[in-house]
Structure formats: C-alpha cells, structure tokens
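K.L.:
One structure is given below, represented as structure tokens, and several questions about it will come after.
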Amino acid sequence: MRFDGILFFPVTPFGEGGSIDHALLAAHVDAGVAHGAGGVFPACGTGEFHALSAGEATAVVRTAVDRVAGRVPVVAGTGGPLGHALEVARGAADAGADALLVLPPYLVGTPTAGLLAYVEAVVAASDLPVIVYHRANARYTPDAMRQLARNPRVIGFKDGVGDIGTTQLIVRAVAEAGRDDFAFFNGLLTAELTQAAFRGIGVDLYSSAAFAMAPEIATAFYRASTTGDDAARLALLDAFYTPLVNLRDETPGFGVSLIKAGLRLQGVPVGGVRAPLVDPTPAQERRLADVLDAGRALL
C-alpha cells in the first residue's frame, strides 16, 4: 500500500443531540481528498476514537470509504480493550477499509511479548493489513518490529514517541527483515514541527491534524518541505505552527479540540468534542483565529 501526500485524519462531526453527522463527515472527507490527501484515517485520534462506540466507529469508516471511492487508501483506527479492538477491526473490514491503524491497548503496561500478542490478535480478526502506532503504553523495540515485519500483513509503523534514535533503528531493523514495502510515518502531535528531523532518517510521511482544519496551509507546508523551500517552510513554522503548538499545549487534548474549533470558526458546524476532552474558551478561539489568519497571510 502506497501513500503519496499528507496523511489526513478527519474529525468526527457531531450534530444536535451528539449524534454523528454523516453528511457533514462525507463533505469533510471529500474536501480533504480534493486538497491532495495521500490517505484518509477515519475514526482515529483526531476523529475521537476514544469516544466512539464500536458501531459508531464502523459507521464513520463506512461513510469515509463511500466518499473516498477508492481515490486514496482508507485506514481505520482500532485499539483499546482487546475485545473492542477486535470488534472494531471486523467492522472496519465490513465497511470496506483498506487497512487498520492499531492504537495502544487500554491502560495496561505489558512486556513486549504481550504487545506483540495484542497486535497478532488484531491481525487475526480480519483480512486487513495493519499499521502499528508506537505511543504511550505501546512501545515497540527494534527487535519487536523485526519480528512483526516477518508478517506481510503488518505494513507500517507510526511513531508517536519522538525518539529519533529508536525510530532510526526500527527503520533499519525492518529493512534487515527484507521489507521494502513498509510505510513509516511521523505521527507526533503537530508533526510538522518535527518533520525535518524525521525526513533526515528516511521517514518522509507524516500525519497532519492541521490539514483537517486548514488544508491550504498544511499543503503549502508539505510542498515547501518536499521541494526544499526552507524559507517558506520556516516562515509557516514560525507564523502558524509554533503559535498553534503553544496554544495546543495549554490544555490536554487540544490536539483534537483546536481542530474542531478551527473548522467551526470557518462556518463548518462539526460540533464540540466529547468527554473527557474539552472545547477551547472564547478567548482561546480568538487566538486560534489569529493563528489561522497569520498562516493564510503567507499563502
């Protein structure tokens, strides 16, 4: 499976009464693909996977698959409690997803053998290939990734830890396993801030939450990064991404909350976030509007 472009993690819009607005979700997904997304990842972190039931996650994936219509890969989130992860994996397969992104298991600490068993159980739940998410209590060692890479249905690694040395060793371990079809991508919060470092170790792909609310800014940054236009890249980094990160870091969960707020500021009624996340205050929304204006002024 090949990805060519920014990896798009759509929000999950909630309408009146808190139900999912599937018509708005379809339009949101379509807009991202039209802006050049290289892959769509519904019901993942930015899509509030943590707050969706298994049935809701399946319905979100089905809407995304229908709207993408084969133009780019659709990778559905799964993870958390093992039973929930297996149910969501089967639902994603039924909905027509192309692959799964395996988020960390629920809370528990585990030795590497247990983490590998968790991934293997998810792999066995459907016929879909999987990408593992290196984050929180799901920490993969180079040896663990070498072992997983022996399974042709494990097709990728998303880094949400940011240890460049370990990620470099994992890239090399997978190569030593003979895999040249593996997708590696930077999955840190606001990945644009660290992408130059990841590109230096051969990890060219990255996920972009900002793309979901400001695809024109995110695409300009991607274009500058991939063409070597450092002046444009650094200008966007200074004017848009750095103040966005400063605002994001004020409140846990704002990596998602600000994206939905940014869409609302543009008249897209995606609703607020579900608990336990919180929405920004009016003052924070005004600052977010200024950050968006500063980014667009550079386009």
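Ligands are numbered from 1 in the order shown, residues from 1 within each chain, and chains are lettered A, B, ... in the order they appear in the structure tokens.
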Report as JSON lines: every residue of stretch 177-296 of chain A with an atom at most 9 Å from stretch 156-165 of chain A, its closest pair of atoms, and their distance in Å to one decimal, counting only C-alpha atoms, with rows sorted by chain and ascending residue number.
P.N.:
{"residue": "A:Asp181", "atom": "CA", "partner": "A:Gly156", "partner_atom": "CA", "distance": 8.6}
{"residue": "A:Phe182", "atom": "CA", "partner": "A:Gly156", "partner_atom": "CA", "distance": 5.2}
{"residue": "A:Ala183", "atom": "CA", "partner": "A:Gly156", "partner_atom": "CA", "distance": 4.4}
{"residue": "A:Phe184", "atom": "CA", "partner": "A:Phe157", "partner_atom": "CA", "distance": 5.0}
{"residue": "A:Phe185", "atom": "CA", "partner": "A:Lys158", "partner_atom": "CA", "distance": 5.0}
{"residue": "A:Asn186", "atom": "CA", "partner": "A:Asp159", "partner_atom": "CA", "distance": 5.2}
{"residue": "A:Gly187", "atom": "CA", "partner": "A:Gly160", "partner_atom": "CA", "distance": 4.8}
{"residue": "A:Leu188", "atom": "CA", "partner": "A:Gly160", "partner_atom": "CA", "distance": 4.5}
{"residue": "A:Leu189", "atom": "CA", "partner": "A:Gly160", "partner_atom": "CA", "distance": 7.5}
{"residue": "A:Thr194", "atom": "CA", "partner": "A:Gly162", "partner_atom": "CA", "distance": 8.4}
{"residue": "A:Ala197", "atom": "CA", "partner": "A:Ile164", "partner_atom": "CA", "distance": 7.8}
{"residue": "A:Phe198", "atom": "CA", "partner": "A:Ile164", "partner_atom": "CA", "distance": 7.1}
{"residue": "A:Ile201", "atom": "CA", "partner": "A:Ile164", "partner_atom": "CA", "distance": 7.9}
{"residue": "A:Tyr206", "atom": "CA", "partner": "A:Lys158", "partner_atom": "CA", "distance": 8.5}
{"residue": "A:Ser207", "atom": "CA", "partner": "A:Lys158", "partner_atom": "CA", "distance": 8.9}
K.L.:
Those residues you just picked out, can you put them in a file as a tab-separated table (two decimals), in the first residue's frame with all heavy atoms?
P.N.:
chain	number	residue	atom	x	y	z
A	181	ASP	N	8.48	-2.60	1.42
A	181	ASP	CA	7.11	-2.14	1.16
A	181	ASP	C	6.48	-1.56	2.41
A	181	ASP	O	5.27	-1.39	2.48
A	181	ASP	CB	6.26	-3.31	0.66
A	181	ASP	CG	6.18	-4.46	1.68
A	181	ASP	OD1	7.06	-4.53	2.57
A	181	ASP	OD2	5.25	-5.27	1.59
A	182	PHE	N	7.29	-1.25	3.41
A	182	PHE	CA	6.81	-0.81	4.71
A	182	PHE	C	6.62	0.70	4.70
A	182	PHE	O	7.45	1.45	4.19
A	182	PHE	CB	7.82	-1.19	5.78
A	182	PHE	CG	7.23	-1.72	7.06
A	182	PHE	CD1	6.74	-3.01	7.14
A	182	PHE	CD2	7.19	-0.92	8.19
A	182	PHE	CE1	6.22	-3.50	8.32
A	182	PHE	CE2	6.67	-1.40	9.38
A	182	PHE	CZ	6.18	-2.69	9.45
A	183	ALA	N	5.52	1.18	5.29
A	183	ALA	CA	5.27	2.62	5.41
A	183	ALA	C	5.65	3.09	6.80
A	183	ALA	O	5.16	2.56	7.80
A	183	ALA	CB	3.80	2.92	5.15
A	184	PHE	N	6.54	4.07	6.88
A	184	PHE	CA	6.91	4.71	8.14
A	184	PHE	C	6.40	6.13	8.11
A	184	PHE	O	6.58	6.84	7.13
A	184	PHE	CB	8.43	4.72	8.31
A	184	PHE	CG	9.04	3.37	8.51
A	184	PHE	CD1	9.56	2.67	7.42
A	184	PHE	CD2	9.11	2.79	9.76
A	184	PHE	CE1	10.13	1.43	7.59
A	184	PHE	CE2	9.67	1.53	9.94
A	184	PHE	CZ	10.18	0.85	8.85
A	185	PHE	N	5.79	6.57	9.22
A	185	PHE	CA	5.43	7.98	9.24
A	185	PHE	C	5.46	8.57	10.64
A	185	PHE	O	5.33	7.89	11.64
A	185	PHE	CB	4.10	8.25	8.54
A	185	PHE	CG	2.88	7.51	9.03
A	185	PHE	CD1	2.00	8.10	9.90
A	185	PHE	CD2	2.61	6.23	8.54
A	185	PHE	CE1	0.85	7.44	10.30
A	185	PHE	CE2	1.46	5.57	8.93
A	185	PHE	CZ	0.58	6.17	9.82
A	186	ASN	N	5.72	9.86	10.62
A	186	ASN	CA	5.78	10.68	11.82
A	186	ASN	C	4.35	10.94	12.28
A	186	ASN	O	3.58	11.59	11.58
A	186	ASN	CB	6.51	11.98	11.50
A	186	ASN	CG	6.52	12.99	12.63
A	186	ASN	OD1	6.07	12.72	13.73
A	186	ASN	ND2	7.03	14.17	12.35
A	187	GLY	N	4.02	10.46	13.48
A	187	GLY	CA	2.68	10.65	14.00
A	187	GLY	C	2.65	11.45	15.28
A	187	GLY	O	1.69	11.35	16.06
A	188	LEU	N	3.68	12.27	15.51
A	188	LEU	CA	3.67	13.12	16.68
A	188	LEU	C	2.59	14.19	16.56
A	188	LEU	O	2.16	14.55	15.46
A	188	LEU	CB	5.03	13.80	16.86
A	188	LEU	CG	6.19	12.88	17.26
A	188	LEU	CD1	7.50	13.67	17.25
A	188	LEU	CD2	5.97	12.27	18.63
A	189	LEU	N	2.16	14.73	17.69
A	189	LEU	CA	1.22	15.85	17.65
A	189	LEU	C	1.84	17.00	16.87
A	189	LEU	O	3.00	17.35	17.08
A	189	LEU	CB	0.89	16.31	19.08
A	189	LEU	CG	0.05	15.35	19.94
A	189	LEU	CD1	-0.10	15.92	21.35
A	189	LEU	CD2	-1.32	15.11	19.31
A	194	THR	N	8.30	18.62	13.74
A	194	THR	CA	9.44	17.70	13.83
A	194	THR	C	9.77	17.02	12.51
A	194	THR	O	10.69	16.20	12.45
A	194	THR	CB	9.15	16.61	14.88
A	194	THR	OG1	7.91	15.96	14.55
A	194	THR	CG2	9.06	17.19	16.28
A	197	ALA	N	13.38	16.63	11.03
A	197	ALA	CA	14.23	15.63	11.68
A	197	ALA	C	13.87	14.22	11.19
A	197	ALA	O	14.76	13.40	10.93
A	197	ALA	CB	14.09	15.72	13.19
A	198	PHE	N	12.59	13.93	11.07
A	198	PHE	CA	12.18	12.60	10.60
A	198	PHE	C	12.61	12.37	9.15
A	198	PHE	O	13.03	11.27	8.79
A	198	PHE	CB	10.67	12.43	10.74
A	198	PHE	CG	10.24	12.00	12.11
A	198	PHE	CD1	10.04	12.92	13.12
A	198	PHE	CD2	10.06	10.66	12.41
A	198	PHE	CE1	9.66	12.53	14.40
A	198	PHE	CE2	9.69	10.24	13.68
A	198	PHE	CZ	9.49	11.18	14.68
A	201	ILE	N	16.01	10.86	8.73
A	201	ILE	CA	16.26	9.43	8.94
A	201	ILE	C	15.45	8.57	7.97
A	201	ILE	O	15.28	7.37	8.16
A	201	ILE	CB	15.98	9.00	10.39
A	201	ILE	CG1	14.50	9.21	10.77
A	201	ILE	CG2	16.89	9.73	11.36
A	201	ILE	CD1	14.10	8.53	12.06
A	206	TYR	N	4.00	11.88	6.99
A	206	TYR	CA	3.57	12.33	8.31
A	206	TYR	C	2.07	12.56	8.32
A	206	TYR	O	1.46	12.86	7.30
A	206	TYR	CB	4.32	13.60	8.75
A	206	TYR	CG	4.11	14.83	7.91
A	206	TYR	CD1	3.11	15.75	8.22
A	206	TYR	CD2	4.94	15.11	6.82
A	206	TYR	CE1	2.93	16.91	7.47
A	206	TYR	CE2	4.77	16.27	6.07
A	206	TYR	CZ	3.76	17.15	6.39
A	206	TYR	OH	3.58	18.30	5.65
A	207	SER	N	1.51	12.42	9.51
A	207	SER	CA	0.09	12.72	9.69
A	207	SER	C	-0.05	14.19	10.04
A	207	SER	O	0.82	14.78	10.68
A	207	SER	CB	-0.51	11.85	10.79
A	207	SER	OG	0.18	12.03	12.02
K.L.:
Which neighbours of A:Val278 fall inside 8 Å, counting only C-alpha atoms, when residues of the same chain fewer than 5 positions from it are skipped, and could you give them as a ChimeraX atom specification?
P.N.:
/A:253-254,257,272-273
K.L.:
Identify, with DSSP run on backbone atoms, the residues in stretch 72-289 of chain A assigned to alpha helix (DSSP H), and express the list as JSON, numbers by chain.
P.N.:
{"A": [82, 83, 84, 85, 86, 87, 88, 89, 90, 91, 92, 93, 94, 95, 112, 113, 114, 115, 116, 117, 118, 119, 120, 121, 122, 123, 124, 125, 142, 143, 144, 145, 146, 147, 148, 164, 165, 166, 167, 168, 169, 170, 171, 172, 173, 174, 175, 176, 195, 196, 197, 198, 199, 200, 210, 211, 212, 213, 215, 216, 217, 218, 219, 220, 221, 222, 223, 224, 225, 226, 227, 230, 231, 232, 233, 234, 235, 236, 242, 243, 244, 245, 246, 247, 248, 254, 255, 256, 257, 258, 259, 260, 261, 262, 263, 264, 265, 282, 283, 284, 285, 286, 287, 288, 289]}
K.L.:
In Å, with one decimal, what is the gap from atom CA of A:Ala214 to atom CA of A:Asp238?
P.N.:
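So the two atoms, atom CA of A:Ala214 and atom CA of A:Asp238, lie 16.1 Å apart.
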K.L.:
Quick one: contact table of stretch 139-226 of chain A to stretch 42-48 of chain A, 10 Å max, nearest atom pair and distance in Å to one decimal per residue, counting only C-alpha atoms, chain and number order, as a tab-separated table?
P.N.:
residue	atom	partner	partner_atom	distance
A:Ser208	CA	A:Thr46	CA	9.5
A:Ala209	CA	A:Thr46	CA	6.6
A:Ala210	CA	A:Thr46	CA	9.8
A:Ala212	CA	A:Thr46	CA	8.7
K.L.:
Excluding A:Ala294 and any residue of its chain fewer than 2 positions from it, enumerate the residues within 12 Å of it, using only C-alpha atoms, and give them as a list in words.
P.N.:
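Within the cut-off, the hits are Ala214, Ile217, Ala235, Leu236, Leu237, Asp238, Ala239, Phe240, Tyr241, Thr242, Pro243, Leu244, Arg287, Leu288, Ala289, Asp290, Val291, Leu292, Arg296, Ala297, Leu298 and Leu299 of chain A.
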K.L.:
Could you build a table of the residues in stretch 154-273 of chain A lying no more than 6 Å from stretch 141-150 of chain A, giving for each the nearest pair of atoms and their separation in Å rounded to one decimal place, using only C-alpha atoms, ordered by chain and ascending residue number, as a Markdown table?
P.N.:
| residue | atom | partner | partner_atom | distance |
| --- | --- | --- | --- | --- |
| A:Leu169 | CA | A:Pro142 | CA | 6.0 |
| A:Ile170 | CA | A:Pro142 | CA | 4.5 |
| A:Ala173 | CA | A:Arg146 | CA | 5.4 |
| A:Val174 | CA | A:Arg146 | CA | 5.3 |
K.L.:
Can you write just those residues out, N, CA and C atoms, as a PDB file, in the first residue's frame?
P.N.:
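Wrote it out as part-v9.pdb, contents follow:
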ATOM      1  N   LEU A 169      16.613   3.019  14.334  1.00  0.00           N
ATOM      2  CA  LEU A 169      16.928   1.604  14.499  1.00  0.00           C
ATOM      3  C   LEU A 169      15.777   0.721  14.017  1.00  0.00           C
ATOM      4  N   ILE A 170      14.551   1.159  14.233  1.00  0.00           N
ATOM      5  CA  ILE A 170      13.397   0.392  13.768  1.00  0.00           C
ATOM      6  C   ILE A 170      13.337   0.385  12.244  1.00  0.00           C
ATOM      7  N   ALA A 173      15.882  -2.095  11.210  1.00  0.00           N
ATOM      8  CA  ALA A 173      15.503  -3.468  11.545  1.00  0.00           C
ATOM      9  C   ALA A 173      14.505  -4.018  10.542  1.00  0.00           C
ATOM     10  N   VAL A 174      13.537  -3.193  10.135  1.00  0.00           N
ATOM     11  CA  VAL A 174      12.545  -3.632   9.147  1.00  0.00           C
ATOM     12  C   VAL A 174      13.227  -3.868   7.800  1.00  0.00           C
TER      13      VAL A 174
END
K.L.:
Considering only C-alpha atoms, state which residue in the set A:Pro104, A:Gly91, A:Gly17, A:Gly38 is at the smallest distance from A:Ala125.
P.N.:
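Closest residue, counting only C-alpha atoms: A:Gly91.
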K.L.:
Which residues in stretch 30-277 of chain A does DSSP call strand (DSSP E)? List them as a list of chain:residue names.
P.N.:
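Selection result, strand (DSSP E) within stretch 30-277 of chain A: A:Gly39, A:Val40, A:Val75, A:Ala76, A:Gly77, A:Thr78, A:Ala99, A:Leu100, A:Leu101, A:Val102, A:Val130, A:Ile131, A:Val132, A:Tyr133, A:His134, A:Val154, A:Ile155, A:Gly156, A:Phe157, A:Lys158, A:Asp159, A:Ala183, A:Phe184, A:Phe185, A:Asn186, A:Leu205, A:Tyr206, A:Ser207, A:Ser208.
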K.L.:
Write the selection just made, keeping C-alpha atoms, as a CSV table (one decimal), in the first residue's frame?
P.N.:
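Printed below is selection_9.csv as written:
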chain,number,residue,atom,x,y,z
A,39,GLY,CA,-4.6,8.7,2.7
A,40,VAL,CA,-7.7,9.1,4.9
A,75,VAL,CA,-7.1,3.3,7.1
A,76,ALA,CA,-9.4,2.8,10.1
A,77,GLY,CA,-8.5,3.1,13.7
A,78,THR,CA,-8.8,0.3,16.2
A,99,ALA,CA,-6.1,-1.2,6.4
A,100,LEU,CA,-6.1,-0.7,10.2
A,101,LEU,CA,-4.1,1.6,12.4
A,102,VAL,CA,-3.6,-0.2,15.7
A,130,VAL,CA,-2.3,-3.3,9.9
A,131,ILE,CA,-0.1,-0.3,10.8
A,132,VAL,CA,1.1,-0.2,14.4
A,133,TYR,CA,1.1,3.0,16.5
A,134,HIS,CA,4.2,3.5,18.6
A,154,VAL,CA,1.9,-5.8,9.1
A,155,ILE,CA,2.6,-2.9,6.6
A,156,GLY,CA,3.6,0.1,8.6
A,157,PHE,CA,4.8,2.0,11.7
A,158,LYS,CA,3.5,5.3,13.0
A,159,ASP,CA,5.8,7.0,15.5
A,183,ALA,CA,5.3,2.6,5.4
A,184,PHE,CA,6.9,4.7,8.1
A,185,PHE,CA,5.4,8.0,9.2
A,186,ASN,CA,5.8,10.7,11.8
A,205,LEU,CA,5.4,10.6,5.5
A,206,TYR,CA,3.6,12.3,8.3
A,207,SER,CA,0.1,12.7,9.7
A,208,SER,CA,-1.4,16.2,9.9
